[in-house]
$ cat run.pdb   # PDB, C-alpha atoms
ATOM      1  CA  MET N   1       0.057  16.331  13.637  1.00  0.00           C
ATOM      2  CA  VAL N   2       2.422  15.311  10.869  1.00  0.00           C
ATOM      3  CA  THR N   3       5.251  17.714  10.150  1.00  0.00           C
ATOM      4  CA  GLN N   4       6.327  18.683   6.632  1.00  0.00           C
ATOM      5  CA  ILE N   5       9.637  16.828   7.076  1.00  0.00           C
ATOM      6  CA  VAL N   6       7.711  13.535   7.299  1.00  0.00           C
ATOM      7  CA  ILE N   7       5.956  14.276   4.016  1.00  0.00           C
ATOM      8  CA  ASP N   8       9.212  15.323   2.352  1.00  0.00           C
ATOM      9  CA  ARG N   9      11.015  12.152   3.480  1.00  0.00           C
ATOM     10  CA  VAL N  10       8.198   9.871   2.352  1.00  0.00           C
ATOM     11  CA  LEU N  11       8.202  11.563  -1.066  1.00  0.00           C
ATOM     12  CA  GLN N  12      12.001  11.207  -1.283  1.00  0.00           C
ATOM     13  CA  PHE N  13      11.683   7.507  -0.405  1.00  0.00           C
ATOM     14  CA  LEU N  14       9.037   7.045  -3.125  1.00  0.00           C
ATOM     15  CA  LYS N  15      11.318   8.802  -5.604  1.00  0.00           C
ATOM     16  CA  GLU N  16      14.377   6.673  -4.755  1.00  0.00           C
ATOM     17  CA  MET N  17      12.647   3.269  -4.449  1.00  0.00           C
ATOM     18  CA  PRO N  18      11.906   2.627  -8.160  1.00  0.00           C
ATOM     19  CA  LYS N  19      15.001   1.660 -10.160  1.00  0.00           C
ATOM     20  CA  LYS N  20      13.724   0.708 -13.623  1.00  0.00           C
ATOM     21  CA  ALA N  21      10.686   0.103 -15.782  1.00  0.00           C
ATOM     22  CA  VAL N  22       9.789  -3.186 -17.439  1.00  0.00           C
ATOM     23  CA  VAL N  23       7.782  -2.599 -20.604  1.00  0.00           C
ATOM     24  CA  THR N  24       6.172  -5.401 -22.581  1.00  0.00           C
ATOM     25  CA  ILE N  25       6.578  -4.558 -26.270  1.00  0.00           C
ATOM     26  CA  ASP N  26       5.489  -7.081 -28.912  1.00  0.00           C
ATOM     27  CA  GLU N  27       5.217  -9.738 -26.157  1.00  0.00           C
ATOM     28  CA  GLN N  28       8.818  -9.210 -24.963  1.00  0.00           C
ATOM     29  CA  ASP N  29       9.729  -7.700 -21.583  1.00  0.00           C
ATOM     30  CA  LEU N  30      12.276  -4.914 -22.051  1.00  0.00           C
ATOM     31  CA  ILE N  31      14.053  -3.065 -19.253  1.00  0.00           C
ATOM     32  CA  LYS N  32      13.948   0.698 -19.665  1.00  0.00           C
ATOM     33  CA  SER N  33      15.691   3.398 -17.667  1.00  0.00           C
ATOM     34  CA  PHE N  34      13.930   6.546 -16.544  1.00  0.00           C
ATOM     35  CA  HIS N  35      13.790   9.627 -18.724  1.00  0.00           C
ATOM     36  CA  SER N  36      13.246  11.792 -15.622  1.00  0.00           C
ATOM     37  CA  GLN N  37      11.544  12.075 -12.253  1.00  0.00           C
ATOM     38  CA  GLU N  38       9.908  14.962 -10.433  1.00  0.00           C
ATOM     39  CA  VAL N  39       7.933  15.684  -7.292  1.00  0.00           C
ATOM     40  CA  VAL N  40       4.763  17.687  -7.886  1.00  0.00           C
ATOM     41  CA  GLU N  41       2.959  18.574  -4.646  1.00  0.00           C
ATOM     42  CA  ASN N  42       2.441  15.179  -2.918  1.00  0.00           C
ATOM     43  CA  THR N  43       3.084  13.057  -6.015  1.00  0.00           C
ATOM     44  CA  VAL N  44       6.236  11.511  -7.452  1.00  0.00           C
ATOM     45  CA  LYS N  45       6.138  11.273 -11.250  1.00  0.00           C
ATOM     46  CA  THR N  46       8.504   8.908 -13.043  1.00  0.00           C
ATOM     47  CA  TYR N  47       8.802   9.278 -16.828  1.00  0.00           C
ATOM     48  CA  VAL N  48       9.894   6.542 -19.247  1.00  0.00           C
ATOM     49  CA  PHE N  49      10.341   7.429 -22.916  1.00  0.00           C
ATOM     50  CA  LEU N  50      10.100   4.878 -25.727  1.00  0.00           C
ATOM     51  CA  GLU N  51      11.888   5.893 -28.899  1.00  0.00           C
ATOM     52  CA  ASP N  52      10.327   6.206 -32.336  1.00  0.00           C
ATOM     53  CA  GLY N  53       9.027   3.028 -33.901  1.00  0.00           C
ATOM     54  CA  HIS N  54       8.373   1.040 -30.727  1.00  0.00           C
ATOM     55  CA  GLY N  55       6.103  -1.977 -31.137  1.00  0.00           C
ATOM     56  CA  GLN N  56       2.754  -2.657 -29.477  1.00  0.00           C
ATOM     57  CA  VAL N  57       2.911  -1.909 -25.732  1.00  0.00           C
ATOM     58  CA  THR N  58       0.699  -4.119 -23.553  1.00  0.00           C
ATOM     59  CA  THR N  59       2.102  -3.789 -20.004  1.00  0.00           C
ATOM     60  CA  THR N  60       4.319  -1.339 -18.160  1.00  0.00           C
ATOM     61  CA  LYS N  61       5.719  -1.975 -14.668  1.00  0.00           C
ATOM     62  CA  LEU N  62       7.729   0.097 -12.233  1.00  0.00           C
ATOM     63  CA  VAL N  63      10.110  -2.106 -10.201  1.00  0.00           C
ATOM     64  CA  ASP N  64      12.627  -1.684  -7.392  1.00  0.00           C
ATOM     65  CA  SER N  65      16.242  -2.902  -7.237  1.00  0.00           C
ATOM     66  CA  GLN N  66      15.086  -6.420  -6.265  1.00  0.00           C
ATOM     67  CA  GLY N  67      12.612  -6.638  -9.129  1.00  0.00           C
ATOM     68  CA  ILE N  68       9.586  -6.157  -6.866  1.00  0.00           C
ATOM     69  CA  GLU N  69       6.695  -4.620  -8.760  1.00  0.00           C
ATOM     70  CA  LEU N  70       5.625  -1.237  -7.371  1.00  0.00           C
ATOM     71  CA  ASP N  71       3.124  -0.137 -10.012  1.00  0.00           C
ATOM     72  CA  ARG N  72       1.597  -1.664 -13.162  1.00  0.00           C
ATOM     73  CA  TYR N  73      -0.463  -0.529 -16.117  1.00  0.00           C
ATOM     74  CA  SER N  74      -2.112  -2.929 -18.531  1.00  0.00           C
ATOM     75  CA  THR N  75      -2.822  -1.238 -21.820  1.00  0.00           C
ATOM     76  CA  SER N  76      -2.816  -1.686 -25.580  1.00  0.00           C
ATOM     77  CA  ILE N  77      -0.886   1.046 -27.343  1.00  0.00           C
ATOM     78  CA  GLN N  78      -0.173   0.642 -31.027  1.00  0.00           C
ATOM     79  CA  PRO N  79       3.257   1.355 -32.525  1.00  0.00           C
ATOM     80  CA  SER N  80       4.030   5.047 -32.909  1.00  0.00           C
ATOM     81  CA  GLU N  81       6.498   6.918 -35.101  1.00  0.00           C
ATOM     82  CA  ASP N  82       6.601   9.787 -32.595  1.00  0.00           C
ATOM     83  CA  GLY N  83       7.683   7.769 -29.547  1.00  0.00           C
ATOM     84  CA  LEU N  84       5.758   7.353 -26.316  1.00  0.00           C
ATOM     85  CA  MET N  85       6.101   8.891 -22.854  1.00  0.00           C
ATOM     86  CA  ILE N  86       4.880   6.662 -20.008  1.00  0.00           C
ATOM     87  CA  VAL N  87       4.183   8.383 -16.678  1.00  0.00           C
ATOM     88  CA  PHE N  88       4.028   6.494 -13.383  1.00  0.00           C
ATOM     89  CA  THR N  89       2.568   8.388 -10.423  1.00  0.00           C
ATOM     90  CA  LEU N  90       2.991   7.520  -6.748  1.00  0.00           C
ATOM     91  CA  SER N  91       1.069   9.812  -4.397  1.00  0.00           C
ATOM     92  CA  VAL N  92       0.956  10.434  -0.660  1.00  0.00           C
ATOM     93  CA  ALA N  93      -2.481  11.134   0.795  1.00  0.00           C
ATOM     94  CA  LEU N  94      -2.454  12.440   4.363  1.00  0.00           C
ATOM     95  CA  LYS N  95      -5.415  12.448   6.716  1.00  0.00           C
ATOM     96  CA  GLY N  96      -5.519  15.000   9.458  1.00  0.00           C
ATOM     97  CA  ASP N  97      -3.551  18.180  10.033  1.00  0.00           C
ATOM     98  CA  VAL N  98      -0.081  18.971   8.757  1.00  0.00           C
ATOM     99  CA  GLN N  99       2.152  21.104  10.944  1.00  0.00           C
ATOM    100  CA  ALA N 100       4.211  23.586   8.933  1.00  0.00           C
TER
END
$ encode --input "run.pdb" --output "structure tokens"
Amino acid sequence: MVTQIVIDRVLQFLKEMPKKAVVTIDEQDLIKSFHSQEVVENTVKTYVFLEDGHGQVTTTKLVDSQGIELDRYSTSIQPSEDGLMIVFTLSVALKGDVQA
């Protein structure tokens, strides 16, 4: 059985591993810092906010301190006057029993 401390440490690791987002806006890669992060059940959510008037977003990547890509979304989001919140989710799925 896996104990809750294992789950908590894996979630903490997933929260600390990403260091920045790389967002492709109007064909240029821009480095963006995180707006916030939170752990919801067995999922780490990392939020990146783009200010008003951003250009066309085509790719968003979550990367670690060495620039290694952890997550990627390919999309086509038109410019917005209201800004844009991007949400990356990294989840832990356990099989078997969890010991409390």
$ resolve_selection --input "run.pdb" --expression "the PyMOL selection byres ((chain N and resi 4-13) around 9)" --output "MDAnalysis selection string"
chainID N and resid 2:3 14:17 39 42:44 90:92 94 98:100
$ resolve_selection --input "run.pdb" --expression "the PyMOL selection byres ((chain N and resi 22-34) around 7)" --output "PyMOL selection string"
chain N and resi 20-21+35-36+46-48+55-62
$ atom_distance --input "run.pdb" --atom1 "CA of Phe88 in chain N" --atom2 "CA of Ile68 in chain N"
15.3 Å
$ atom_distance --input "run.pdb" --atom1 "CA of Thr75 in chain N" --atom2 "CA of Val63 in chain N"
17.4 Å
$ atom_distance --input "run.pdb" --atom1 "CA of Leu50 in chain N" --atom2 "CA of Ser80 in chain N"
9.4 Å
$ axis_aligned_box --input "run.pdb" --around "range 47-51 of chain N" --padding-each-side "3 Å" --output "JSON"
{"center_x": 10.3, "center_y": 7.1, "center_z": -22.9, "size_x": 9.1, "size_y": 10.4, "size_z": 18.1}
$ closest_residue --input "run.pdb" --among "N:Lys19, N:Glu41, N:Val87, N:Met1" --to "Asp64 in chain N" --atoms "all atoms listed in the file"
N:Lys19
$ residues_around --input "run.pdb" --residues "His54 in chain N" --least-positions-apart "6" --cutoff "10 Å" --atoms "all atoms listed in the file" --output "number ranges by chain"
N: 25-26, 77-84
$ closest_residue --input "run.pdb" --among "N:Glu51, N:Pro18, N:Ser76, N:Lys95" --to "Gln37 in chain N" --atoms "only C-alpha atoms"
N:Pro18
